[in-house]
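A.B. asks: Structure supplied as upload.cif; contents: mmCIF, C-alpha atoms and all ligand atoms.
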data_my_file
loop_
_atom_site.label_atom_id
_atom_site.label_comp_id
_atom_site.auth_asym_id
_atom_site.auth_seq_id
_atom_site.Cartn_x
_atom_site.Cartn_y
_atom_site.Cartn_z
CA MET A 1454 -18.38 -5.99 10.63
CA THR A 1455 -19.91 -8.43 13.07
CA SER A 1456 -18.30 -11.66 12.03
CA ASN A 1457 -15.33 -13.75 12.98
CA ALA A 1458 -14.05 -13.97 9.42
CA VAL A 1459 -10.27 -14.09 9.34
CA ILE A 1460 -10.21 -14.01 5.55
CA ASP A 1461 -12.88 -12.34 3.47
CA VAL A 1462 -12.21 -11.87 -0.24
CA ALA A 1463 -14.68 -10.67 -2.85
CA ASP A 1464 -14.48 -10.61 -6.64
CA LEU A 1465 -10.75 -11.15 -6.55
CA THR A 1466 -9.01 -11.12 -9.92
CA LYS A 1467 -5.38 -11.39 -10.91
CA VAL A 1468 -4.02 -10.71 -14.37
CA TYR A 1469 -0.32 -11.28 -15.05
CA VAL A 1470 0.87 -9.13 -17.92
CA THR A 1471 4.08 -10.01 -19.70
CA ASP A 1472 5.44 -8.71 -23.03
CA GLU A 1473 3.25 -10.89 -25.18
CA VAL A 1474 0.50 -12.41 -23.06
CA GLU A 1475 -2.04 -11.60 -20.41
CA THR A 1476 -2.74 -14.49 -18.08
CA HIS A 1477 -6.00 -14.34 -16.19
CA ALA A 1478 -4.91 -16.38 -13.18
CA LEU A 1479 -7.91 -15.50 -10.98
CA THR A 1480 -11.21 -14.47 -12.51
CA GLY A 1481 -13.49 -13.58 -9.62
CA VAL A 1482 -12.84 -15.45 -6.40
CA ASN A 1483 -15.10 -15.11 -3.37
CA LEU A 1484 -13.96 -16.81 -0.22
CA ARG A 1485 -14.57 -16.40 3.45
CA VAL A 1486 -12.67 -18.30 6.12
CA ASP A 1487 -13.77 -18.06 9.74
CA SER A 1488 -11.57 -18.32 12.78
CA GLY A 1489 -10.76 -21.94 13.63
CA GLU A 1490 -11.60 -23.35 10.20
CA TYR A 1491 -9.48 -25.78 8.21
CA VAL A 1492 -9.98 -25.26 4.49
CA ALA A 1493 -8.33 -27.26 1.71
CA ILE A 1494 -8.02 -25.79 -1.78
CA MET A 1495 -7.77 -28.31 -4.58
CA GLY A 1496 -7.43 -27.93 -8.30
CA PRO A 1497 -5.30 -28.88 -11.30
CA SER A 1498 -1.89 -27.39 -12.00
CA GLY A 1499 -2.13 -23.82 -13.29
CA CYS A 1500 -5.64 -23.13 -11.98
CA GLY A 1501 -4.46 -20.27 -9.74
CA LYS A 1502 -3.86 -21.90 -6.36
CA THR A 1503 -0.46 -20.35 -5.68
CA THR A 1504 -1.64 -17.00 -7.03
CA LEU A 1505 -4.54 -17.04 -4.57
CA MET A 1506 -2.32 -18.08 -1.67
CA SER A 1507 0.23 -15.36 -2.50
CA ILE A 1508 -2.50 -12.75 -2.38
CA LEU A 1509 -3.97 -14.18 0.84
CA GLY A 1510 -0.44 -14.13 2.30
CA LEU A 1511 0.16 -10.51 1.25
CA LEU A 1512 3.07 -11.61 -0.91
CA ASP A 1513 1.29 -10.24 -3.98
CA ALA A 1514 -1.57 -7.82 -4.66
CA PRO A 1515 -4.72 -8.58 -6.64
CA THR A 1516 -5.56 -6.79 -9.89
CA ALA A 1517 -9.08 -6.10 -8.59
CA GLY A 1518 -11.36 -7.15 -5.78
CA THR A 1519 -11.28 -6.70 -2.04
CA TYR A 1520 -9.47 -8.54 0.71
CA ASP A 1521 -10.20 -8.07 4.39
CA LEU A 1522 -7.77 -9.86 6.66
CA ALA A 1523 -8.68 -10.06 10.33
CA GLY A 1524 -11.15 -7.25 9.70
CA THR A 1525 -8.66 -4.93 7.98
CA PRO A 1526 -8.98 -4.02 4.26
CA VAL A 1527 -5.42 -4.75 3.21
CA ALA A 1528 -5.55 -2.58 0.09
CA ALA A 1529 -5.44 0.47 2.37
CA LEU A 1530 -2.07 -0.51 3.85
CA ASP A 1531 1.20 0.93 2.56
CA ALA A 1532 4.21 -1.33 2.04
CA ARG A 1533 5.56 -0.92 5.55
CA GLN A 1534 2.18 -1.46 7.22
CA ARG A 1535 1.65 -4.45 4.98
CA ALA A 1536 4.94 -6.07 6.03
CA HIS A 1537 4.11 -5.42 9.66
CA PHE A 1538 0.60 -6.79 9.24
CA ARG A 1539 1.91 -9.90 7.48
CA ASN A 1540 4.43 -10.54 10.23
CA ARG A 1541 1.69 -10.30 12.85
CA ASN A 1542 -1.12 -12.14 11.14
CA ILE A 1543 0.19 -14.67 8.65
CA GLY A 1544 2.25 -17.82 8.84
CA PHE A 1545 3.24 -19.16 5.43
CA VAL A 1546 4.42 -22.71 4.67
CA PHE A 1547 5.85 -23.34 1.19
CA GLN A 1548 6.25 -26.54 -0.77
CA SER A 1549 10.02 -26.01 -0.79
CA PHE A 1550 10.39 -25.37 2.99
CA ASN A 1551 12.38 -22.12 2.38
CA LEU A 1552 14.53 -22.44 5.51
CA ILE A 1553 17.72 -20.38 5.61
CA GLY A 1554 20.66 -22.75 5.23
CA ASP A 1555 23.13 -20.59 7.18
CA LEU A 1556 20.89 -20.48 10.24
CA ASN A 1557 20.26 -23.40 12.55
CA VAL A 1558 16.77 -24.64 13.43
CA TYR A 1559 16.48 -22.37 16.45
CA GLU A 1560 17.60 -19.29 14.53
CA ASN A 1561 15.27 -20.02 11.61
CA VAL A 1562 12.26 -20.18 13.90
CA GLU A 1563 13.36 -17.13 15.86
CA LEU A 1564 13.69 -14.95 12.75
CA PRO A 1565 10.06 -13.71 12.48
CA LEU A 1566 10.23 -12.64 16.12
CA VAL A 1567 13.48 -10.78 15.52
CA TYR A 1568 11.86 -8.93 12.62
CA ARG A 1569 8.85 -8.15 14.74
CA GLY A 1570 10.93 -6.59 17.48
CA GLY A 1571 9.76 -5.70 20.96
CA LEU A 1572 10.56 -9.05 22.54
CA SER A 1573 13.50 -9.77 24.81
CA ARG A 1574 15.87 -12.61 24.01
CA ALA A 1575 14.36 -14.63 26.85
CA GLU A 1576 10.82 -14.02 25.59
CA ARG A 1577 11.86 -15.11 22.12
CA ARG A 1578 13.55 -18.22 23.50
CA GLU A 1579 10.35 -19.24 25.27
CA LYS A 1580 8.24 -18.83 22.12
CA VAL A 1581 10.74 -20.61 19.87
CA ALA A 1582 11.00 -23.54 22.28
CA ALA A 1583 7.21 -23.82 22.47
CA ALA A 1584 6.87 -23.74 18.67
CA LEU A 1585 9.56 -26.39 18.21
CA GLU A 1586 8.01 -28.54 20.92
CA ASN A 1587 4.69 -28.20 19.10
CA VAL A 1588 6.12 -29.81 15.96
CA GLY A 1589 8.34 -32.32 17.75
CA MET A 1590 11.62 -30.70 16.69
CA LEU A 1591 12.99 -29.24 19.93
CA HIS A 1592 15.66 -31.94 20.11
CA ARG A 1593 17.09 -30.75 16.78
CA MET A 1594 17.31 -27.04 17.52
CA ARG A 1595 21.08 -26.83 16.94
CA HIS A 1596 20.94 -28.71 13.64
CA TYR A 1597 21.18 -26.95 10.30
CA PRO A 1598 18.52 -27.50 7.61
CA ALA A 1599 20.87 -29.61 5.47
CA GLN A 1600 21.23 -32.03 8.40
CA LEU A 1601 17.49 -32.74 8.50
CA SER A 1602 15.13 -34.89 6.43
CA GLY A 1603 12.57 -33.17 4.21
CA GLY A 1604 9.79 -33.99 6.66
CA GLN A 1605 11.79 -32.53 9.55
CA GLN A 1606 12.56 -29.39 7.55
CA GLN A 1607 8.88 -28.91 6.84
CA ARG A 1608 8.04 -29.32 10.53
CA VAL A 1609 10.61 -26.61 11.33
CA ALA A 1610 9.06 -24.40 8.63
CA ILE A 1611 5.66 -24.93 10.28
CA ALA A 1612 7.16 -23.95 13.65
CA ARG A 1613 8.55 -20.79 12.03
CA ALA A 1614 5.12 -20.02 10.58
CA LEU A 1615 3.44 -20.51 13.96
CA VAL A 1616 5.93 -18.93 16.33
CA GLY A 1617 4.37 -15.47 16.15
CA ASP A 1618 0.89 -16.84 16.84
CA PRO A 1619 -0.57 -15.62 13.50
CA ALA A 1620 -4.29 -15.31 12.85
CA ILE A 1621 -3.95 -17.71 9.93
CA LEU A 1622 -1.60 -20.39 8.68
CA LEU A 1623 -1.33 -20.67 4.89
CA ALA A 1624 0.27 -23.80 3.43
CA ASP A 1625 0.86 -24.14 -0.33
CA GLU A 1626 1.34 -27.84 -1.16
CA PRO A 1627 3.24 -28.44 2.10
CA THR A 1628 3.69 -32.13 1.27
CA GLY A 1629 4.67 -31.60 -2.38
CA ASN A 1630 8.34 -32.41 -1.76
CA LEU A 1631 7.78 -35.17 0.80
CA ASP A 1632 7.43 -38.93 0.53
CA SER A 1633 4.07 -40.29 1.64
CA ALA A 1634 5.20 -41.26 5.16
CA ASN A 1635 6.55 -37.78 5.88
CA GLY A 1636 3.58 -36.23 4.08
CA GLU A 1637 1.20 -38.06 6.41
CA LYS A 1638 3.14 -36.82 9.44
CA VAL A 1639 2.98 -33.22 8.28
CA MET A 1640 -0.75 -33.58 7.58
CA ASP A 1641 -1.35 -35.10 11.03
CA LEU A 1642 0.55 -32.19 12.54
CA LEU A 1643 -1.58 -29.63 10.68
CA ALA A 1644 -4.77 -31.39 11.78
CA ALA A 1645 -3.55 -31.38 15.40
CA LEU A 1646 -2.75 -27.67 15.20
CA ASN A 1647 -6.23 -26.99 13.85
CA ALA A 1648 -7.77 -29.07 16.64
CA ARG A 1649 -5.99 -26.74 19.07
CA GLY A 1650 -7.51 -23.69 17.41
CA ALA A 1651 -5.26 -22.69 14.48
CA THR A 1652 -7.02 -21.39 11.38
CA LEU A 1653 -5.64 -23.15 8.31
CA VAL A 1654 -5.85 -22.79 4.56
CA MET A 1655 -3.97 -25.49 2.69
CA VAL A 1656 -3.45 -26.10 -1.01
CA THR A 1657 -3.00 -29.67 -2.10
CA HIS A 1658 -3.44 -31.66 -5.28
CA ASP A 1659 -3.66 -34.90 -3.36
CA ALA A 1660 -7.26 -35.93 -2.64
CA ARG A 1661 -6.22 -38.01 0.38
CA TYR A 1662 -4.67 -34.96 2.02
CA ALA A 1663 -7.61 -32.73 1.17
CA ALA A 1664 -9.73 -35.17 3.16
CA HIS A 1665 -7.90 -34.02 6.31
CA ALA A 1666 -9.54 -30.61 6.07
CA LYS A 1667 -13.04 -29.87 7.28
CA ARG A 1668 -14.01 -27.90 4.21
CA LEU A 1669 -12.95 -28.26 0.61
CA VAL A 1670 -12.81 -25.53 -2.01
CA ARG A 1671 -12.27 -26.50 -5.64
CA LEU A 1672 -10.53 -24.06 -7.91
CA PHE A 1673 -10.71 -24.40 -11.68
CA ASP A 1674 -9.45 -21.90 -14.28
CA GLY A 1675 -9.14 -19.14 -11.71
CA GLN A 1676 -12.56 -19.60 -10.13
CA ILE A 1677 -14.08 -21.46 -7.24
CA VAL A 1678 -16.31 -24.03 -8.88
CA ALA A 1679 -17.45 -25.98 -5.84
CA GLU A 1680 -17.41 -26.00 -2.08
CA GLN A 1681 -18.15 -29.04 0.01
CA GLU A 1682 -17.81 -30.45 3.48
CA SER A 1683 -14.83 -32.72 3.85
CA CYS A 1684 -15.33 -36.38 2.98
CA ARG A 1685 -13.29 -37.49 5.95
CA SER A 1686 -16.21 -38.52 8.13
CA GLU A 1687 -17.37 -40.84 5.37
CA GLY A 1688 -13.98 -42.55 5.13
CA ARG A 1689 -13.77 -41.36 1.55
CA VAL A 1690 -11.83 -38.78 -0.41
CA PRO A 1691 -12.82 -35.99 -2.80
CA ALA A 1692 -13.27 -36.96 -6.44
CA GLU A 1693 -10.69 -35.71 -8.95
CA GLY A 1694 -11.55 -32.70 -11.12
CA PRO A 1695 -14.15 -30.04 -10.47
CA ALA A 1696 -16.84 -32.47 -9.29
CA SER A 1697 -18.12 -31.92 -5.77
CA HIS A 1698 -18.60 -35.42 -4.50
CA CYS A 1699 -16.62 -38.03 -2.58
CA VAL A 1700 -15.30 -41.37 -3.81
CA GLU A 1701 -14.07 -44.53 -2.11
CA VAL A 1702 -10.41 -44.48 -1.09
CA LYS A 1703 -8.40 -46.44 -3.63
CA GLU A 1704 -5.93 -48.96 -2.25
CA ARG A 1705 -2.38 -47.86 -3.02
P1 LIG B 1801 -1.24 -23.34 -9.51
O1 LIG B 1801 -0.56 -22.97 -8.23
O2 LIG B 1801 -2.67 -23.71 -9.35
O3 LIG B 1801 -0.49 -24.38 -10.27
P2 LIG B 1801 -0.52 -20.63 -10.34
O4 LIG B 1801 -1.29 -19.73 -9.45
O5 LIG B 1801 0.92 -20.83 -10.04
O6 LIG B 1801 -1.28 -22.04 -10.45
O7 LIG B 1801 -0.64 -20.09 -11.83
C1 LIG B 1801 -1.89 -19.72 -12.41
C2 LIG B 1801 -1.65 -19.20 -13.82
O8 LIG B 1801 -0.94 -17.96 -13.76
C3 LIG B 1801 -0.81 -20.12 -14.68
O9 LIG B 1801 -1.30 -20.06 -15.99
C4 LIG B 1801 0.58 -19.52 -14.58
O10 LIG B 1801 1.32 -19.82 -15.73
C5 LIG B 1801 0.29 -18.05 -14.45
N1 LIG B 1801 1.30 -17.34 -13.65
C6 LIG B 1801 1.64 -17.59 -12.37
N2 LIG B 1801 2.58 -16.73 -11.95
C7 LIG B 1801 2.86 -15.91 -12.99
C8 LIG B 1801 3.76 -14.80 -13.21
N3 LIG B 1801 4.55 -14.35 -12.22
N4 LIG B 1801 3.76 -14.22 -14.42
C9 LIG B 1801 2.96 -14.65 -15.42
N5 LIG B 1801 2.09 -15.68 -15.30
C10 LIG B 1801 2.04 -16.31 -14.10
MG MG B 1802 1.06 -23.79 -7.18
#
Represent the structure from my file as structure tokens, please.
Ligand code: ADP
Ligand code: MG

C.D. replies:
Amino acid sequence: MTSNAVIDVADLTKVYVTDEVETHALTGVNLRVDSGEYVAIMGPSGCGKTTLMSILGLLDAPTAGTYDLAGTPVAALDARQRAHFRNRNIGFVFQSFNLIGDLNVYENVELPLVYRGGLSRAERREKVAAALENVGMLHRMRHYPAQLSGGQQQRVAIARALVGDPAILLADEPTGNLDSANGEKVMDLLAALNARGATLVMVTHDARYAAHAKRLVRLFDGQIVAEQESCRSEGRVPAEGPASHCVEVKER
């Protein structure tokens, strides 16, 4: 394959089967994300955003369809290879931060490198310090998650996602549990990381935040219904719903 696609999915479907019901969460998603892109995924609650991100992050497998990550068809990997591949290639940021409460900031960020193995303590220390510096949290490295604000916890979670230098950073509603001031800071941080070369896919239901991305994908009932360039350059934000146009920013 002669492309610089980091993510390349085709005809992706996901059906959840429980005792009584089948839920068709994804019904044929095609998406390609190239190295260095910043893509926002928007859509109403229940449209399949988290399902898609879980599959992209190798946390779940699709029912059908293909997924090539960094040029590798992930379906061919066994569980161990998959875990290894995820550790190397994917940084995941969750709405709920998911830091480990018993570990301090430094130890939380170090954890993916410990799992990866092959690095000396000194090499790990250098990478952890750089990642924390990157998100402006180096001065809190001995704090525990409970001693930090939500915005600070999310910045630490972003450092943890980035410390291993993954091919792609996936963020599922990273500002969902933050007030607007902290949400803006996290969004500014993600934009700065992208400007320095990180490839980002972010889910948000907030049109103002989607405007930070360079490309917008709209998901509706398990399908991509529209793709558009970001509205940011126009000083506007994406319209609500499946429409693919921009609207004036409303005063809040
Ligand atoms: P979003 O993140 O856009 O809100 P989700 O991807 O979480 O949407 O969910 C998409 C659909 O799949 C919803 O109808 C949801 O109820 C269903 N769903 C999600 N996870 C599961 C699961 N583990 N088992 C059964 N149904 C699920
Ligand atoms: Mg979700």

A.B. asks: Nearest to Ala1660 of chain A: which of A:Glu1560, A:Ser1549, A:Pro1598, A:Ala1493 is it, counting only C-alpha atoms?

C.D. replies: A:Ala1493

A.B. asks: With distances taken over all atoms listed in the file, which residue among A:Thr1519, A:Gln1548, A:Asn1647, A:Asn1587 lies nearest ligand MG 1802 (chain B)?

C.D. replies: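 Of all the options, A:Gln1548 lies closest to ligand MG 1802 (chain B).
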
A.B. asks: Name the closest residue to Leu1484 of chain A among the candidates A:Val1581, A:Ala1463, A:Ala1532, A:Leu1631; distances are taken between atoms, counting only C-alpha atoms.

C.D. replies: A:Ala1463

A.B. asks: Take every atom of segment 1666-1683 of chain A listed in the file, pad by 5 Å on each side, and give me the axis-aligned box centre and edge lengths in Å, one decimal, as lines of an AutoDock Vina configuration file.

C.D. replies:
center_x = -13.6
center_y = -25.9
center_z = -3.5
size_x = 19.0
size_y = 23.6
size_z = 31.6

A.B. asks: Please return as a short mmCIF file (atom, residue, chain, number, x, y, z; two decimals) with C-alpha atoms, in the frame of the given file the residues found within 12 Å of ligand MG 1802 (chain B), counting only C-alpha atoms and all ligand atoms.

C.D. replies:
data_model
loop_
_atom_site.label_atom_id
_atom_site.label_comp_id
_atom_site.auth_asym_id
_atom_site.auth_seq_id
_atom_site.Cartn_x
_atom_site.Cartn_y
_atom_site.Cartn_z
CA ALA A 1478 -4.91 -16.38 -13.18
CA ILE A 1494 -8.02 -25.79 -1.78
CA MET A 1495 -7.77 -28.31 -4.58
CA GLY A 1496 -7.43 -27.93 -8.30
CA PRO A 1497 -5.30 -28.88 -11.30
CA SER A 1498 -1.89 -27.39 -12.00
CA GLY A 1499 -2.13 -23.82 -13.29
CA CYS A 1500 -5.64 -23.13 -11.98
CA GLY A 1501 -4.46 -20.27 -9.74
CA LYS A 1502 -3.86 -21.90 -6.36
CA THR A 1503 -0.46 -20.35 -5.68
CA THR A 1504 -1.64 -17.00 -7.03
CA LEU A 1505 -4.54 -17.04 -4.57
CA MET A 1506 -2.32 -18.08 -1.67
CA SER A 1507 0.23 -15.36 -2.50
CA PHE A 1547 5.85 -23.34 1.19
CA GLN A 1548 6.25 -26.54 -0.77
CA SER A 1549 10.02 -26.01 -0.79
CA ALA A 1624 0.27 -23.80 3.43
CA ASP A 1625 0.86 -24.14 -0.33
CA GLU A 1626 1.34 -27.84 -1.16
CA PRO A 1627 3.24 -28.44 2.10
CA GLY A 1629 4.67 -31.60 -2.38
CA MET A 1655 -3.97 -25.49 2.69
CA VAL A 1656 -3.45 -26.10 -1.01
CA THR A 1657 -3.00 -29.67 -2.10
CA HIS A 1658 -3.44 -31.66 -5.28
CA LEU A 1672 -10.53 -24.06 -7.91
#

A.B. asks: Within 9 Å of segment 1632-1635 of chain A, counting all atoms listed in the file, which residues qualify if same-chain residues fewer than 4 places away don't, as a count of residues only?

C.D. replies: 6
